[in-house]
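Below is one structure; the comments refer to it alone.
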Amino acid sequence: MKITVLDGHGLNPGDLSWDGVKALASEFTVYDRSPQELVADRIGDSEIILLNKIRITGEIIEKCPSLRYIGVLATGYNVVDVKACREKGITVTNIPSYSTDAVAQHVFSFILHFTNLAAPHSASVHEGRWISNPDFCYWLSPLTELSGKTLGIFGFGHIGQKVAEIALSFGMKVMVHAHSEESFKKAKSNLDLTQSKLSSIKSVSLEELFSESDFISLHAPLTAETENLVNQKTLSLMKDSAVLINTARGGLVSEKDVRAALDSKKIAAYAADVLLEEPMSKNCPLYKAPNCLITPHLAWAPKETRLRLLDIAIGNIKAFMAGKPVNVVN
């Protein structure tokens, strides 16, 4: 089968090998990036295509009659017109649950940034402040101990559950707002924790989550119900000392409302790995916002995580070729 990768640089900038995919193809082509206007031409007569952020529209599908399989190299698959694929008998797969550990780790890199201020303190040391200091220690602003603080988690899938486990190891209290009480109980039963720790994870209303948390971490998909979940109303419920974290989807928050909350010091800080528009636009309301930590959508990017993704993608293709497709989203 002819296999084409449309935007391979994101997954593999050169530190991984495509050999596992290549071995499955009669002809194999990798493009680091593909302008949208060249997508149909680059797919050509490919039967299998792999992509991450490239949009596959109904119009493109009409121009590619040989196409039989689309492998999205990510969990989210909103870039593909799955309805058009279904009508044409094209299988679409994604990569579920590959980045759970990495994203949860990134959440706590954000949290620890605000509690321990390691980077600002190191910078001050290298600027000579410790050399000229009369005392054996100093701190630039108050430091925070996580034990006893409350972490609110919106969404309780694999990543939300992992974040809860890590929070409990720090001695934090955990509150969760899940899709439903039934889904919360099911997710909670999957956790490998002692009964005492399990009992400390509480299901709360949205209002309780926003008003009582010291940190709030978002872990939900972007849907009609969750779009702009974080807005002027929900931000107004938060403690002035609270920190909001978004490693899920940019559209979960109203960026202009978050900027206003930061400017007015209604919340202490915002940390995000995702934005509404990516790459970031100069017009993004969060550009150069105060107390705002933004990373360029890299929570999923540790080498170990990307290798896991690639291995799952290869398994998806093999299962499709064997007539028993897995991780199908349409």
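By order of appearance in the structure tokens: chains A, B, ..., then residues from 1 within every chain, and ligands from 1 in the order shown.
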
For this session: May I have the residues within 6 Å of segment 71-76 of chain A as a PyMOL selection string, using only C-alpha atoms and disregarding those fewer than 3 positions away in the same chain?
Result: chain A and resi 50-52+92-96

Problem set entry | Spatial neighbours of segment 23-40 of chain A, 7 Å, only C-alpha atoms, chain gap at least 3 places, as number ranges by chain | A: 1-9, 19-20, 43-44, 60, 63-64

For this session: Tell me which of A:Ile216, A:Ile312, A:Leu191, A:Ile159 sits closest to Met175 of chain A, counting only C-alpha atoms.
Result: A:Ile216

Problem set entry | DSSP strand (DSSP E or B) residues within segment 157-287 of chain A, listed as a ChimeraX atom specification | /A:173-177,201-203,215-218,230,243-246,253,269-272

Problem set entry | Polymer residues at most 8 Å from segment 296-302 of chain A, only C-alpha atoms, same-chain spacing of 4 or more positions, as a PyMOL selection string | chain A and resi 11+99+102-103+106+247+273-274+279+306

Save the residues we just selected, N, CA and C atoms, as an mmCIF file, in the first residue's frame?
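The resulting file, result-v4.cif, is shown below:
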data_model
loop_
_atom_site.group_PDB
_atom_site.id
_atom_site.type_symbol
_atom_site.label_atom_id
_atom_site.label_comp_id
_atom_site.auth_asym_id
_atom_site.auth_seq_id
_atom_site.Cartn_x
_atom_site.Cartn_y
_atom_site.Cartn_z
ATOM 1 N N LEU A 11 5.704 15.069 15.033
ATOM 2 C CA LEU A 11 5.947 13.817 15.743
ATOM 3 C C LEU A 11 7.418 13.443 15.708
ATOM 4 N N SER A 99 -0.406 9.914 25.982
ATOM 5 C CA SER A 99 0.352 10.998 26.605
ATOM 6 C C SER A 99 -0.053 11.268 28.052
ATOM 7 N N ALA A 102 2.878 12.097 30.455
ATOM 8 C CA ALA A 102 3.590 13.316 30.069
ATOM 9 C C ALA A 102 2.767 14.568 30.364
ATOM 10 N N VAL A 103 1.484 14.526 30.059
ATOM 11 C CA VAL A 103 0.644 15.710 30.289
ATOM 12 C C VAL A 103 0.457 15.954 31.778
ATOM 13 N N HIS A 106 3.413 17.592 33.029
ATOM 14 C CA HIS A 106 3.474 19.005 32.631
ATOM 15 C C HIS A 106 2.592 19.868 33.527
ATOM 16 N N THR A 247 -4.145 22.319 30.006
ATOM 17 C CA THR A 247 -3.345 21.494 29.103
ATOM 18 C C THR A 247 -4.254 20.680 28.186
ATOM 19 N N ASP A 273 -0.789 25.208 27.963
ATOM 20 C CA ASP A 273 0.008 24.575 26.917
ATOM 21 C C ASP A 273 -0.741 24.596 25.594
ATOM 22 N N VAL A 274 -1.962 25.133 25.624
ATOM 23 C CA VAL A 274 -2.818 25.156 24.435
ATOM 24 C C VAL A 274 -3.479 26.530 24.319
ATOM 25 N N PRO A 279 -0.157 28.127 15.568
ATOM 26 C CA PRO A 279 0.703 28.844 16.501
ATOM 27 C C PRO A 279 0.044 30.113 17.036
ATOM 28 N N ARG A 306 6.378 10.373 22.353
ATOM 29 C CA ARG A 306 6.216 10.350 20.893
ATOM 30 C C ARG A 306 6.518 8.965 20.323
#

For this session: Excluding Ser236 of chain A and any residue of its chain fewer than 4 positions from it, enumerate the residues within 12 Å of it, using only C-alpha atoms, and give them as a ChimeraX atom specification.
Result: /A:207,210-211,230-232,240,242,257-258,260-262,264-267

Take the residues just selected and output them with all heavy atoms as a short mmCIF file (atom, residue, chain, number, x, y, z; two decimals), in the first residue's frame.
data_model
loop_
_atom_site.label_atom_id
_atom_site.label_comp_id
_atom_site.auth_asym_id
_atom_site.auth_seq_id
_atom_site.Cartn_x
_atom_site.Cartn_y
_atom_site.Cartn_z
N GLU A 207 -19.65 25.03 40.46
CA GLU A 207 -19.50 26.22 41.30
C GLU A 207 -18.53 25.95 42.45
O GLU A 207 -17.67 26.78 42.76
CB GLU A 207 -20.86 26.67 41.85
CG GLU A 207 -21.81 27.24 40.80
CD GLU A 207 -22.41 26.19 39.87
OE1 GLU A 207 -22.37 24.98 40.23
OE2 GLU A 207 -22.88 26.56 38.79
N PHE A 210 -14.81 25.81 41.17
CA PHE A 210 -14.18 27.10 40.89
C PHE A 210 -14.01 27.95 42.14
O PHE A 210 -13.04 28.69 42.26
CB PHE A 210 -14.98 27.86 39.83
CG PHE A 210 -14.60 27.48 38.42
CD1 PHE A 210 -15.19 26.39 37.79
CD2 PHE A 210 -13.64 28.20 37.74
CE1 PHE A 210 -14.83 26.03 36.51
CE2 PHE A 210 -13.26 27.84 36.45
CZ PHE A 210 -13.86 26.75 35.83
N SER A 211 -14.92 27.83 43.08
CA SER A 211 -14.86 28.71 44.25
C SER A 211 -13.95 28.21 45.36
O SER A 211 -13.41 29.01 46.15
CB SER A 211 -16.26 28.95 44.81
OG SER A 211 -16.83 27.73 45.26
N VAL A 230 -14.46 28.37 30.90
CA VAL A 230 -13.83 29.39 31.74
C VAL A 230 -14.14 30.75 31.13
O VAL A 230 -13.64 31.09 30.06
CB VAL A 230 -12.31 29.18 31.85
CG1 VAL A 230 -11.68 30.27 32.69
CG2 VAL A 230 -12.01 27.81 32.43
N ASN A 231 -14.97 31.50 31.82
CA ASN A 231 -15.41 32.80 31.31
C ASN A 231 -15.53 33.77 32.48
O ASN A 231 -15.15 33.45 33.61
CB ASN A 231 -16.75 32.65 30.56
CG ASN A 231 -17.79 31.92 31.39
OD1 ASN A 231 -17.96 32.21 32.58
ND2 ASN A 231 -18.48 30.95 30.80
N GLN A 232 -16.05 34.93 32.21
CA GLN A 232 -16.14 35.95 33.27
C GLN A 232 -16.90 35.44 34.49
O GLN A 232 -16.49 35.70 35.63
CB GLN A 232 -16.82 37.21 32.72
CG GLN A 232 -16.84 38.37 33.70
CD GLN A 232 -17.48 39.61 33.09
OE1 GLN A 232 -18.19 39.54 32.09
NE2 GLN A 232 -17.23 40.77 33.69
N ASP A 240 -8.84 34.87 44.69
CA ASP A 240 -7.85 35.77 44.11
C ASP A 240 -6.47 35.13 44.08
O ASP A 240 -5.61 35.51 43.28
CB ASP A 240 -7.79 37.08 44.89
CG ASP A 240 -9.07 37.89 44.77
OD1 ASP A 240 -9.93 37.52 43.94
OD2 ASP A 240 -9.21 38.90 45.48
N ALA A 242 -5.92 31.90 43.45
CA ALA A 242 -5.98 30.64 42.71
C ALA A 242 -5.23 30.71 41.37
O ALA A 242 -5.10 31.77 40.76
CB ALA A 242 -7.42 30.24 42.46
N ASP A 257 -11.37 36.94 28.60
CA ASP A 257 -11.83 37.00 29.99
C ASP A 257 -10.70 36.61 30.95
O ASP A 257 -10.58 37.17 32.05
CB ASP A 257 -13.04 36.07 30.20
CG ASP A 257 -14.30 36.61 29.53
OD1 ASP A 257 -14.28 37.78 29.08
OD2 ASP A 257 -15.29 35.87 29.46
N VAL A 258 -9.87 35.64 30.55
CA VAL A 258 -8.72 35.28 31.39
C VAL A 258 -7.75 36.45 31.46
O VAL A 258 -7.22 36.76 32.54
CB VAL A 258 -8.02 34.01 30.84
CG1 VAL A 258 -6.69 33.79 31.55
CG2 VAL A 258 -8.91 32.79 31.00
N ALA A 260 -8.44 39.61 31.23
CA ALA A 260 -9.03 40.62 32.12
C ALA A 260 -8.86 40.22 33.58
O ALA A 260 -8.57 41.07 34.43
CB ALA A 260 -10.51 40.80 31.78
N ALA A 261 -9.02 38.92 33.88
CA ALA A 261 -8.87 38.45 35.25
C ALA A 261 -7.42 38.58 35.73
O ALA A 261 -7.17 38.89 36.89
CB ALA A 261 -9.33 36.99 35.36
N LEU A 262 -6.48 38.38 34.83
CA LEU A 262 -5.07 38.55 35.19
C LEU A 262 -4.72 40.02 35.39
O LEU A 262 -4.03 40.39 36.34
CB LEU A 262 -4.17 37.94 34.10
CG LEU A 262 -4.19 36.42 33.96
CD1 LEU A 262 -3.47 35.99 32.69
CD2 LEU A 262 -3.55 35.76 35.18
N SER A 264 -6.67 42.42 36.27
CA SER A 264 -7.31 42.95 37.47
C SER A 264 -6.90 42.20 38.74
O SER A 264 -7.36 42.54 39.83
CB SER A 264 -8.83 42.87 37.32
OG SER A 264 -9.28 41.52 37.28
N LYS A 265 -6.04 41.18 38.58
CA LYS A 265 -5.58 40.33 39.68
C LYS A 265 -6.74 39.58 40.35
O LYS A 265 -6.72 39.29 41.53
CB LYS A 265 -4.80 41.14 40.71
CG LYS A 265 -3.54 41.76 40.13
CD LYS A 265 -2.72 42.49 41.19
CE LYS A 265 -1.44 43.06 40.57
NZ LYS A 265 -0.62 43.79 41.56
N LYS A 266 -7.79 39.29 39.55
CA LYS A 266 -8.89 38.49 40.06
C LYS A 266 -8.44 37.05 40.32
O LYS A 266 -8.96 36.38 41.21
CB LYS A 266 -10.07 38.49 39.07
CG LYS A 266 -11.25 37.62 39.50
CD LYS A 266 -11.82 38.13 40.82
CE LYS A 266 -12.68 37.09 41.54
NZ LYS A 266 -11.97 35.98 42.17
N ILE A 267 -7.49 36.57 39.50
CA ILE A 267 -6.84 35.29 39.77
C ILE A 267 -5.33 35.54 39.85
O ILE A 267 -4.83 36.53 39.32
CB ILE A 267 -7.16 34.22 38.71
CG1 ILE A 267 -6.67 34.65 37.33
CG2 ILE A 267 -8.66 33.92 38.69
CD1 ILE A 267 -6.82 33.56 36.26
#

Problem set entry | Residue set, segment 263-310 of chain A restricted to helix (DSSP H, G or I), as an MDAnalysis selection string | chainID A and resid 263 303:310

How about saving the chosen residues, N, CA and C atoms kept, as a tab-separated table (two decimals), in the first residue's frame?
chain	number	residue	atom	x	y	z
A	263	ASP	N	-5.21	40.85	34.49
A	263	ASP	CA	-4.92	42.30	34.60
A	263	ASP	C	-5.48	42.89	35.88
A	303	LYS	N	10.36	12.49	24.21
A	303	LYS	CA	10.70	11.47	23.21
A	303	LYS	C	10.00	10.15	23.50
A	304	GLU	N	9.97	9.76	24.79
A	304	GLU	CA	9.33	8.49	25.14
A	304	GLU	C	7.85	8.49	24.76
A	305	THR	N	7.21	9.64	24.92
A	305	THR	CA	5.78	9.77	24.63
A	305	THR	C	5.53	9.68	23.12
A	306	ARG	N	6.38	10.37	22.35
A	306	ARG	CA	6.22	10.35	20.89
A	306	ARG	C	6.52	8.97	20.32
A	307	LEU	N	7.48	8.27	20.93
A	307	LEU	CA	7.77	6.91	20.48
A	307	LEU	C	6.58	5.99	20.74
A	308	ARG	N	5.95	6.18	21.89
A	308	ARG	CA	4.74	5.40	22.20
A	308	ARG	C	3.64	5.69	21.18
A	309	LEU	N	3.48	6.96	20.84
A	309	LEU	CA	2.47	7.34	19.84
A	309	LEU	C	2.75	6.64	18.51
A	310	LEU	N	4.01	6.70	18.07
A	310	LEU	CA	4.37	6.09	16.79
A	310	LEU	C	4.13	4.58	16.81

For this session: Find the spatial neighbours of Phe184 of chain A, counting only C-alpha atoms, within a cut-off of 12 Å - ignore same-chain residues fewer than 6 positions away - and output them as a ChimeraX atom specification.
Result: /A:153-158,160-161,175-178,190-191,198,201-204
